[in-house]
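> Take this structure first; my questions come after.
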Amino acid sequence: MQTLHVELGAHSYPVHVGAGILEDLGRLACEAGLQPARAALVTDTNVAKLYAERAQASLRKAGFDPIVVTIAAGEASKSMAMLATLYDRMTDAELDRSSAVFALGGGVVGDLAGYAAATYLRGIAIVQIPTTVVAQVDSALGGKTGINHRRGKNLIGAFHQPRLVAADVATLATLPEREFREGLAEVIKYGAIRDAGLIADLGDQVDNIIRNRDAVALEAIVMRSLQHKAVIVEADERETGLRKTLNFGHTVGHALEASAGYGTYLHGEAVAIGMVAAMRLSQAHAGFSGADAARLTALIARAGLPTAMPAGWRGEEFIRALRLDKKRAGAGVEFILLDRIGHTVTRTLTIDAILAHL
Ligand SMILES: NC(=O)c1ccc[n+]([C@@H]2O[C@H](COP(=O)([O-])OP(=O)(O)OC[C@H]3O[C@@H](n4cnc5c(N)ncnc54)[C@H](O)[C@@H]3O)[C@@H](O)[C@H]2O)c1
Ligand SMILES: [Zn+2]
């Protein structure tokens, strides 16, 4: 097991990454300063079957008394209705200010349970136990929680830092292939923007990681990713400057998600295409080398992720989605680009300049 500490003054917390650490959840929670008390273990229908019993047993052994709340798997559960169900279960179980919520699952469970914990009794403890690559390398750390509104994703939410993150990489063994590969897009992103060494290591390891889900290799890349996320969150808890670099690949990625039709791409797949597009813009506007672009594009492809813009992408919807970004940046669209692998620059580009190179 490897551990890092997110340093946010009174809101600091430990982050553990390791194979099999679900068994130690109760002990790790006590070590993080949580009092054994009534608690809620929130999970989804897929994860419950695989890991809820183990998590519950570990919590009980340490003196916690958890109710288990199982939500339907999928993005649709990040809803007002599901939040209300969660509050009902929490009040029925008489959870009080000393209680904690344990979120066992992917980003959907983490965001929903995190928001419930942020608001119940004006905020009780949340522990994140992420079981997808996306959740382990991204959503579990940083304190963003929330639900969707029919007008848009993540429109209702709060910052609520966890008291503990425990990422058991052994749980990734059961993740469906497509979701597993999707998460690697965010790992490649950390390397592209901040860590040339991580890109080199992925070059050696990506086939082993995809084929075998090797626990040692996974522990290394998850920890390395979380170290980057931790630095960014510590520097910039409320989303400005440094945190913006995490948007690499996301401007085009989001526009593709919005325009391609619901369910065409998983988020990480759209980001993979978006990163390749951002590399083309980087070559045109930031002096990024063709050799580096080719190397990074090849890595994305070896991770089993798409790299090409879809046929017919140049439509109304896509351009409208890009323009949504434009409003925020004033004169043009603010793009995170690379001048070399591991280093970003920001450029404001007009829609025409973008379309010329995609
Ligand atoms: N808060 C943040 O900072 C942040 C960051 C990134 C993404 N997100 C949010 O995260 C969500 C996406 O998260 P996700 O990709 O983890 O999706 P998810 O939670 O829907 O999980 C994906 C699928 O994998 C299943 N699953 C999870 N763990 C499994 C395991 N170990 N074995 C087998 N199946 C498993 C789930 O049941 C689900 O069907 C989105 O709602 C997004 O908005 C939040
Ligand atoms: Zn993303």
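Just so we're on the same page: first chain in the structure tokens is A, next is B, and so on; residues restart at 1 for each chain, and ligands are numbered from 1 in the order they show up.
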Please provide as a list in words all residues within 6 Å of Val6 (chain A), with the sequence filter that same-chain residues fewer than 6 positions apart are discarded (counting only C-alpha atoms).

Ser12, Tyr13 and Ala230 of chain A

> Could you save the residues just selected, with N, CA and C atoms, as an mmCIF file, in the first residue's frame?


data_model
loop_
_atom_site.group_PDB
_atom_site.id
_atom_site.type_symbol
_atom_site.label_atom_id
_atom_site.label_comp_id
_atom_site.auth_asym_id
_atom_site.auth_seq_id
_atom_site.Cartn_x
_atom_site.Cartn_y
_atom_site.Cartn_z
ATOM 1 N N SER A 12 -7.357 18.393 5.680
ATOM 2 C CA SER A 12 -6.369 17.449 5.141
ATOM 3 C C SER A 12 -6.855 16.011 5.308
ATOM 4 N N TYR A 13 -6.369 15.126 4.444
ATOM 5 C CA TYR A 13 -6.784 13.721 4.566
ATOM 6 C C TYR A 13 -5.791 12.786 3.885
ATOM 7 N N ALA A 230 -3.549 15.722 -6.411
ATOM 8 C CA ALA A 230 -3.395 16.306 -5.073
ATOM 9 C C ALA A 230 -2.668 17.646 -5.147
#

> For ligand 2, list the contacting residues at 9 Å or closer, counting only C-alpha atoms and all ligand atoms, as number ranges by chain.

A: 134, 138, 183, 185-186, 189, 246-250, 253-254, 267-268, 270-271

> Using the selection just defined, write its residues with N, CA and C atoms as a tab-separated table (two decimals), in the first residue's frame.


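File produced: part-v3.tsv:
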chain	number	residue	atom	x	y	z
A	134	VAL	N	-11.58	5.76	-13.40
A	134	VAL	CA	-11.95	7.18	-13.38
A	134	VAL	C	-12.05	7.69	-11.94
A	138	ASP	N	-9.27	10.22	-10.38
A	138	ASP	CA	-9.84	11.55	-10.57
A	138	ASP	C	-10.89	11.92	-9.52
A	183	GLY	N	-10.79	5.00	-18.36
A	183	GLY	CA	-10.06	5.63	-17.25
A	183	GLY	C	-8.61	5.93	-17.59
A	185	ALA	N	-7.50	7.13	-20.20
A	185	ALA	CA	-7.40	8.43	-20.88
A	185	ALA	C	-7.02	9.53	-19.89
A	186	GLU	N	-7.59	9.48	-18.68
A	186	GLU	CA	-7.28	10.51	-17.69
A	186	GLU	C	-5.85	10.33	-17.15
A	189	LYS	N	-3.65	11.77	-19.65
A	189	LYS	CA	-3.77	13.23	-19.54
A	189	LYS	C	-2.81	13.80	-18.49
A	246	LEU	N	-6.12	20.69	-16.11
A	246	LEU	CA	-6.81	19.39	-16.17
A	246	LEU	C	-7.82	19.34	-17.31
A	247	ASN	N	-8.11	20.50	-17.89
A	247	ASN	CA	-9.05	20.53	-19.02
A	247	ASN	C	-8.41	20.12	-20.34
A	248	PHE	N	-7.12	19.79	-20.31
A	248	PHE	CA	-6.47	19.34	-21.55
A	248	PHE	C	-7.30	18.21	-22.19
A	249	GLY	N	-7.62	18.38	-23.47
A	249	GLY	CA	-8.41	17.37	-24.19
A	249	GLY	C	-9.91	17.48	-23.96
A	250	HIS	N	-10.30	18.34	-23.00
A	250	HIS	CA	-11.71	18.37	-22.61
A	250	HIS	C	-12.56	19.36	-23.40
A	253	GLY	N	-13.33	17.41	-26.32
A	253	GLY	CA	-13.99	16.22	-25.75
A	253	GLY	C	-15.43	16.51	-25.37
A	254	HIS	N	-15.64	17.59	-24.64
A	254	HIS	CA	-17.00	17.93	-24.22
A	254	HIS	C	-17.88	18.26	-25.43
A	267	HIS	N	-17.06	9.34	-21.57
A	267	HIS	CA	-16.32	10.59	-21.36
A	267	HIS	C	-14.84	10.44	-21.74
A	268	GLY	N	-14.20	9.40	-21.25
A	268	GLY	CA	-12.76	9.21	-21.50
A	268	GLY	C	-12.45	9.00	-22.98
A	270	ALA	N	-14.14	10.39	-25.50
A	270	ALA	CA	-14.22	11.72	-26.11
A	270	ALA	C	-12.98	12.54	-25.74
A	271	VAL	N	-12.51	12.38	-24.52
A	271	VAL	CA	-11.30	13.10	-24.10
A	271	VAL	C	-10.07	12.61	-24.88

> Once you count only C-alpha atoms and all ligand atoms, which residues end up within 6 Å of ligand 1, and could you hand them over as a ChimeraX atom specification?

/A:44,46-47,73-75,105-109,111,131-132,134-135,138-139,144-145,171-172,174-175

> Between CA of Leu338 (chain A) and CA of Gly274 (chain A), what is the distance in Å, rounded to a tenth?

12.9 Å

> As an mmCIF file with N, CA and C atoms, in the first residue's frame, please: the residues near Leu41 (chain A) (cut-off 10 Å, only C-alpha atoms, same-chain neighbours under 5 positions excluded).


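Okay, part_29.cif is ready:
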data_model
loop_
_atom_site.group_PDB
_atom_site.id
_atom_site.type_symbol
_atom_site.label_atom_id
_atom_site.label_comp_id
_atom_site.auth_asym_id
_atom_site.auth_seq_id
_atom_site.Cartn_x
_atom_site.Cartn_y
_atom_site.Cartn_z
ATOM 1 N N ALA A 48 -22.259 -3.673 -5.498
ATOM 2 C CA ALA A 48 -22.782 -4.320 -4.290
ATOM 3 C C ALA A 48 -22.524 -5.821 -4.327
ATOM 4 N N ALA A 52 -19.633 -5.243 -1.594
ATOM 5 C CA ALA A 52 -20.298 -4.632 -0.430
ATOM 6 C C ALA A 52 -20.085 -5.457 0.837
ATOM 7 N N ALA A 55 -16.643 -4.894 2.335
ATOM 8 C CA ALA A 55 -16.518 -3.562 2.939
ATOM 9 C C ALA A 55 -17.284 -3.510 4.263
ATOM 10 N N GLN A 56 -18.482 -4.090 4.238
ATOM 11 C CA GLN A 56 -19.324 -4.079 5.432
ATOM 12 C C GLN A 56 -18.664 -4.856 6.571
ATOM 13 N N LEU A 59 -15.869 -2.869 8.080
ATOM 14 C CA LEU A 59 -16.375 -1.766 8.909
ATOM 15 C C LEU A 59 -16.898 -2.287 10.246
ATOM 16 N N ASP A 65 -21.338 0.598 12.429
ATOM 17 C CA ASP A 65 -22.624 -0.086 12.290
ATOM 18 C C ASP A 65 -23.293 0.434 11.017
ATOM 19 N N PRO A 66 -22.899 -0.111 9.854
ATOM 20 C CA PRO A 66 -23.358 0.499 8.594
ATOM 21 C C PRO A 66 -24.668 -0.073 8.066
ATOM 22 N N ILE A 67 -25.558 0.813 7.623
ATOM 23 C CA ILE A 67 -26.641 0.369 6.757
ATOM 24 C C ILE A 67 -26.068 0.376 5.342
ATOM 25 N N VAL A 68 -26.605 -0.489 4.474
ATOM 26 C CA VAL A 68 -26.131 -0.510 3.095
ATOM 27 C C VAL A 68 -27.227 0.066 2.207
ATOM 28 N N VAL A 69 -26.884 1.085 1.426
ATOM 29 C CA VAL A 69 -27.840 1.676 0.489
ATOM 30 C C VAL A 69 -27.330 1.397 -0.916
ATOM 31 N N THR A 70 -28.115 0.620 -1.675
ATOM 32 C CA THR A 70 -27.682 0.247 -3.023
ATOM 33 C C THR A 70 -28.511 1.006 -4.047
ATOM 34 N N ALA A 100 -20.715 8.605 9.468
ATOM 35 C CA ALA A 100 -19.982 8.812 8.220
ATOM 36 C C ALA A 100 -20.710 8.107 7.086
ATOM 37 N N VAL A 101 -20.514 8.630 5.875
ATOM 38 C CA VAL A 101 -21.003 7.972 4.663
ATOM 39 C C VAL A 101 -19.796 7.379 3.958
ATOM 40 N N PHE A 102 -19.889 6.104 3.586
ATOM 41 C CA PHE A 102 -18.832 5.428 2.844
ATOM 42 C C PHE A 102 -19.324 5.212 1.419
ATOM 43 N N ALA A 103 -18.627 5.805 0.452
ATOM 44 C CA ALA A 103 -19.048 5.697 -0.953
ATOM 45 C C ALA A 103 -18.205 4.645 -1.651
ATOM 46 N N LEU A 104 -18.821 3.485 -1.920
ATOM 47 C CA LEU A 104 -18.106 2.368 -2.535
ATOM 48 C C LEU A 104 -18.591 2.205 -3.972
ATOM 49 N N ALA A 113 -23.212 10.217 -3.189
ATOM 50 C CA ALA A 113 -23.046 10.004 -1.743
ATOM 51 C C ALA A 113 -22.285 11.173 -1.125
ATOM 52 N N VAL A 127 -16.256 9.172 3.201
ATOM 53 C CA VAL A 127 -15.066 8.386 2.863
ATOM 54 C C VAL A 127 -15.248 7.881 1.441
#

> Pull the strand (DSSP E or B) assignments for region 79-132 of chain A out of DSSP run on the backbone, and list those residues as JSON, numbers by chain.

{"A": [100, 101, 102, 103, 104, 105, 125, 126, 127, 128, 129, 130]}

> For each of A:Gly63, A:Gly290, A:Gly241, A:Pro14, take the minimum atom-to-atom distance to Ala167 (chain A), counting only C-alpha atoms, then give the residue where this is smallest.

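Of all the options, A:Pro14 lies closest to Ala167 (chain A).
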
> So how far away is CA of Val133 (chain A) from CA of Leu226 (chain A), in Å?

11.2 Å
